[in-house]
Amino acid sequence: MREVELKGIVPDIAGARAALVAAGAELVYHGRLEDRRYDSAERALALRDHVLRLRVYRDATVRAMIDWKGPTTYQDGYKVREELSVTLGDPDALALMLDRLGYVVTREIDREIEQYTVAGATVRLERYPRMDVLAEVEGEPEAIERAIVLLHLPRASFTTERLPDFVRHFEDRTGQRAAICDRELTGDYRYSATDA
């Protein structure tokens with residue numbers, strides 16, 4: 001599957017939510033989203049720009065997926081990657097398997113999200129422990145453009161930048177250290193933002 005996306009800062013999450021609802025967007029998930037990125041101790045996957053991610057959705061229930069992402073490319077102003085995903089029944093068992101195979105967690109990412117479908121695109125509003133609220137818009141380019149218009153946010157605010165870029169922008173602008181996982185709120189910065 002081909003993942004095509006753009007990300008942008010959302011200065012007013014209530015306004016963005018209201019704009020999506022007014023446009024007839026369907027809320028498909030609202031709750032916690034936890035990502036754990038895995039790699040070998042030598043970072044063999046990162047060296048090839050591959051991602052192995054365990055993603056867990058937590059609301060009234062727990063759902064999980066294991067994802068692989070191939071190298072990033074940029075096409076016509078969009079970030080594009082090949083992505084394969086499998087739904088899991090037991091994320092703890094998979095985490096244990098990955099550990100026993102020698103993989104290590106190289107990055108934790110925790111956030112509260114609202115995920116919508118609208119105009120053929122998926123829009124995810126993401127609230128991190130301490131950072132700007134982001135909107136990630138995925139789909140085919142035409143659908144992405146329609147969804148951005150419906151969000152009532154400036155098109156120029158959406159870019160192909162990665163999460164580490166948004167972390168850096170937040171820190172440069174505010175002088176405050178960003179926290180993109182719960183552990184970082186306590187001052188535990190064992191993971192590098194560049195691995196996000």
# chains A, B, ... in the order shown; residues from 1 in each chain; ligands from 1
>>> closest_atom_pairs(of="segment 129-156 of chain A", to="segment 22-38 of chain A", cutoff="12 Å", atoms="only C-alpha atoms", output="CSV")
residue,atom,partner,partner_atom,distance
A:Pro129,CA,A:Arg32,CA,11.3
A:Arg146,CA,A:Ala23,CA,10.7
A:Ala147,CA,A:Ala23,CA,9.2
A:Ile148,CA,A:Ala23,CA,11.3
A:Val149,CA,A:Ala23,CA,10.0
A:Leu150,CA,A:Ala23,CA,6.4
A:Leu151,CA,A:Ala23,CA,8.6
A:His152,CA,A:Ala23,CA,10.4
>>> write_last_selection(atoms="N, CA, C and O atoms", output="short mmCIF file (atom, residue, chain, number, x, y, z; two decimals), in the first residue's frame")
data_model
loop_
_atom_site.label_atom_id
_atom_site.label_comp_id
_atom_site.auth_asym_id
_atom_site.auth_seq_id
_atom_site.Cartn_x
_atom_site.Cartn_y
_atom_site.Cartn_z
N PRO A 129 1.95 14.95 24.43
CA PRO A 129 2.07 15.40 25.82
C PRO A 129 2.50 16.87 25.97
O PRO A 129 1.96 17.59 26.78
N ARG A 146 -8.54 18.43 -0.85
CA ARG A 146 -9.93 18.71 -0.46
C ARG A 146 -10.07 18.76 1.06
O ARG A 146 -10.75 19.63 1.61
N ALA A 147 -9.43 17.82 1.76
CA ALA A 147 -9.54 17.76 3.22
C ALA A 147 -8.90 18.99 3.87
O ALA A 147 -9.43 19.53 4.85
N ILE A 148 -7.79 19.45 3.34
CA ILE A 148 -7.13 20.64 3.91
C ILE A 148 -8.04 21.85 3.77
O ILE A 148 -8.18 22.64 4.71
N VAL A 149 -8.70 21.98 2.63
CA VAL A 149 -9.65 23.09 2.45
C VAL A 149 -10.76 23.00 3.50
O VAL A 149 -11.14 24.01 4.11
N LEU A 150 -11.26 21.80 3.76
CA LEU A 150 -12.35 21.62 4.72
C LEU A 150 -11.91 21.89 6.16
O LEU A 150 -12.74 22.24 7.00
N LEU A 151 -10.61 21.75 6.44
CA LEU A 151 -10.09 22.04 7.78
C LEU A 151 -10.04 23.54 8.07
O LEU A 151 -9.85 23.95 9.21
N HIS A 152 -10.14 24.35 7.02
CA HIS A 152 -10.05 25.81 7.14
C HIS A 152 -8.70 26.25 7.70
O HIS A 152 -8.62 27.20 8.48
#
>>> residues_around(residues="Gly77 of chain A", least_positions_apart="2", cutoff="9 Å", atoms="only C-alpha atoms", output="list of chain:residue names")
A:Leu6, A:Tyr74, A:Gln75, A:Lys79, A:Thr159, A:Thr160
>>> atom_distance(atom1="atom CA of Tyr191 of chain A", atom2="atom CA of Val105 of chain A")
8.9 Å
>>> select_by_dssp(residues="segment 54-122 of chain A", states="strand (DSSP E or B)", output="PyMOL selection string")
chain A and resi 54-58+62-69+73-75+78-88+104-118+121-122
>>> residues_around(residues="Val10 of chain A", least_positions_apart="2", cutoff="8 Å", atoms="only C-alpha atoms", output="PyMOL selection string")
chain A and resi 8+12-13+16+132-135+153
>>> residues_around(residues="Leu94 of chain A", least_positions_apart="3", cutoff="12 Å", atoms="only C-alpha atoms", output="ChimeraX atom specification")
/A:36,38,53-56,64-66,86-91,97-101,103
>>> write_last_selection(atoms="C-alpha atoms", output="PDB file, in the first residue's frame")
ATOM      1  CA  ARG A  36       6.673   1.906  19.573  1.00  0.00           C
ATOM      2  CA  TYR A  38      11.680  -1.070  16.784  1.00  0.00           C
ATOM      3  CA  ARG A  53       6.253   0.015  14.300  1.00  0.00           C
ATOM      4  CA  LEU A  54       3.897  -1.493  16.864  1.00  0.00           C
ATOM      5  CA  ARG A  55       0.836   0.764  17.027  1.00  0.00           C
ATOM      6  CA  VAL A  56      -1.743   0.402  19.820  1.00  0.00           C
ATOM      7  CA  ALA A  64      -3.053  -3.083  17.657  1.00  0.00           C
ATOM      8  CA  MET A  65      -1.215  -3.214  14.367  1.00  0.00           C
ATOM      9  CA  ILE A  66       2.311  -3.975  13.275  1.00  0.00           C
ATOM     10  CA  VAL A  86      -1.268  -6.344   9.934  1.00  0.00           C
ATOM     11  CA  THR A  87      -3.889  -6.239  12.701  1.00  0.00           C
ATOM     12  CA  LEU A  88      -2.915  -7.957  15.954  1.00  0.00           C
ATOM     13  CA  GLY A  89      -4.840  -9.472  18.801  1.00  0.00           C
ATOM     14  CA  ASP A  90      -2.185  -9.200  21.530  1.00  0.00           C
ATOM     15  CA  PRO A  91       0.296  -6.293  21.330  1.00  0.00           C
ATOM     16  CA  MET A  97       8.479 -11.647  20.390  1.00  0.00           C
ATOM     17  CA  LEU A  98      10.298  -8.619  18.977  1.00  0.00           C
ATOM     18  CA  ASP A  99      12.361  -8.369  22.157  1.00  0.00           C
ATOM     19  CA  ARG A 100      13.273 -12.070  22.003  1.00  0.00           C
ATOM     20  CA  LEU A 101      14.308 -11.637  18.354  1.00  0.00           C
ATOM     21  CA  TYR A 103      14.822  -5.845  18.409  1.00  0.00           C
TER      22      TYR A 103
END
>>> atom_distance(atom1="atom CA of Ser157 of chain A", atom2="atom CA of Trp68 of chain A")
27.7 Å
>>> closest_residue(among="A:Glu126, A:Asp76, A:Glu184, A:Asp59", to="Lys7 of chain A", atoms="only C-alpha atoms")
A:Glu126
>>> closest_residue(among="A:Arg58, A:Arg43, A:Arg107, A:His50", to="Leu163 of chain A", atoms="only C-alpha atoms")
A:Arg107
>>> closest_residue(among="A:Ala95, A:Met131, A:Arg63, A:Thr72", to="Ala46 of chain A", atoms="only C-alpha atoms")
A:Thr72
>>> atom_distance(atom1="atom CA of Glu83 of chain A", atom2="atom CA of Ala60 of chain A")
27.1 Å
>>> residues_around(residues="Val167 of chain A", least_positions_apart="3", cutoff="12 Å", atoms="only C-alpha atoms", output="JSON, numbers by chain")
{"A": [9, 109, 128, 129, 130, 131, 132, 133, 134, 161, 162, 163, 164, 170, 171, 172, 173, 174, 175, 176, 177, 178, 179, 180, 181, 192, 193, 194, 195, 196]}
>>> closest_residue(among="A:Asp188, A:Glu108, A:Glu3, A:Glu42", to="Glu136 of chain A", atoms="only C-alpha atoms")
A:Glu3
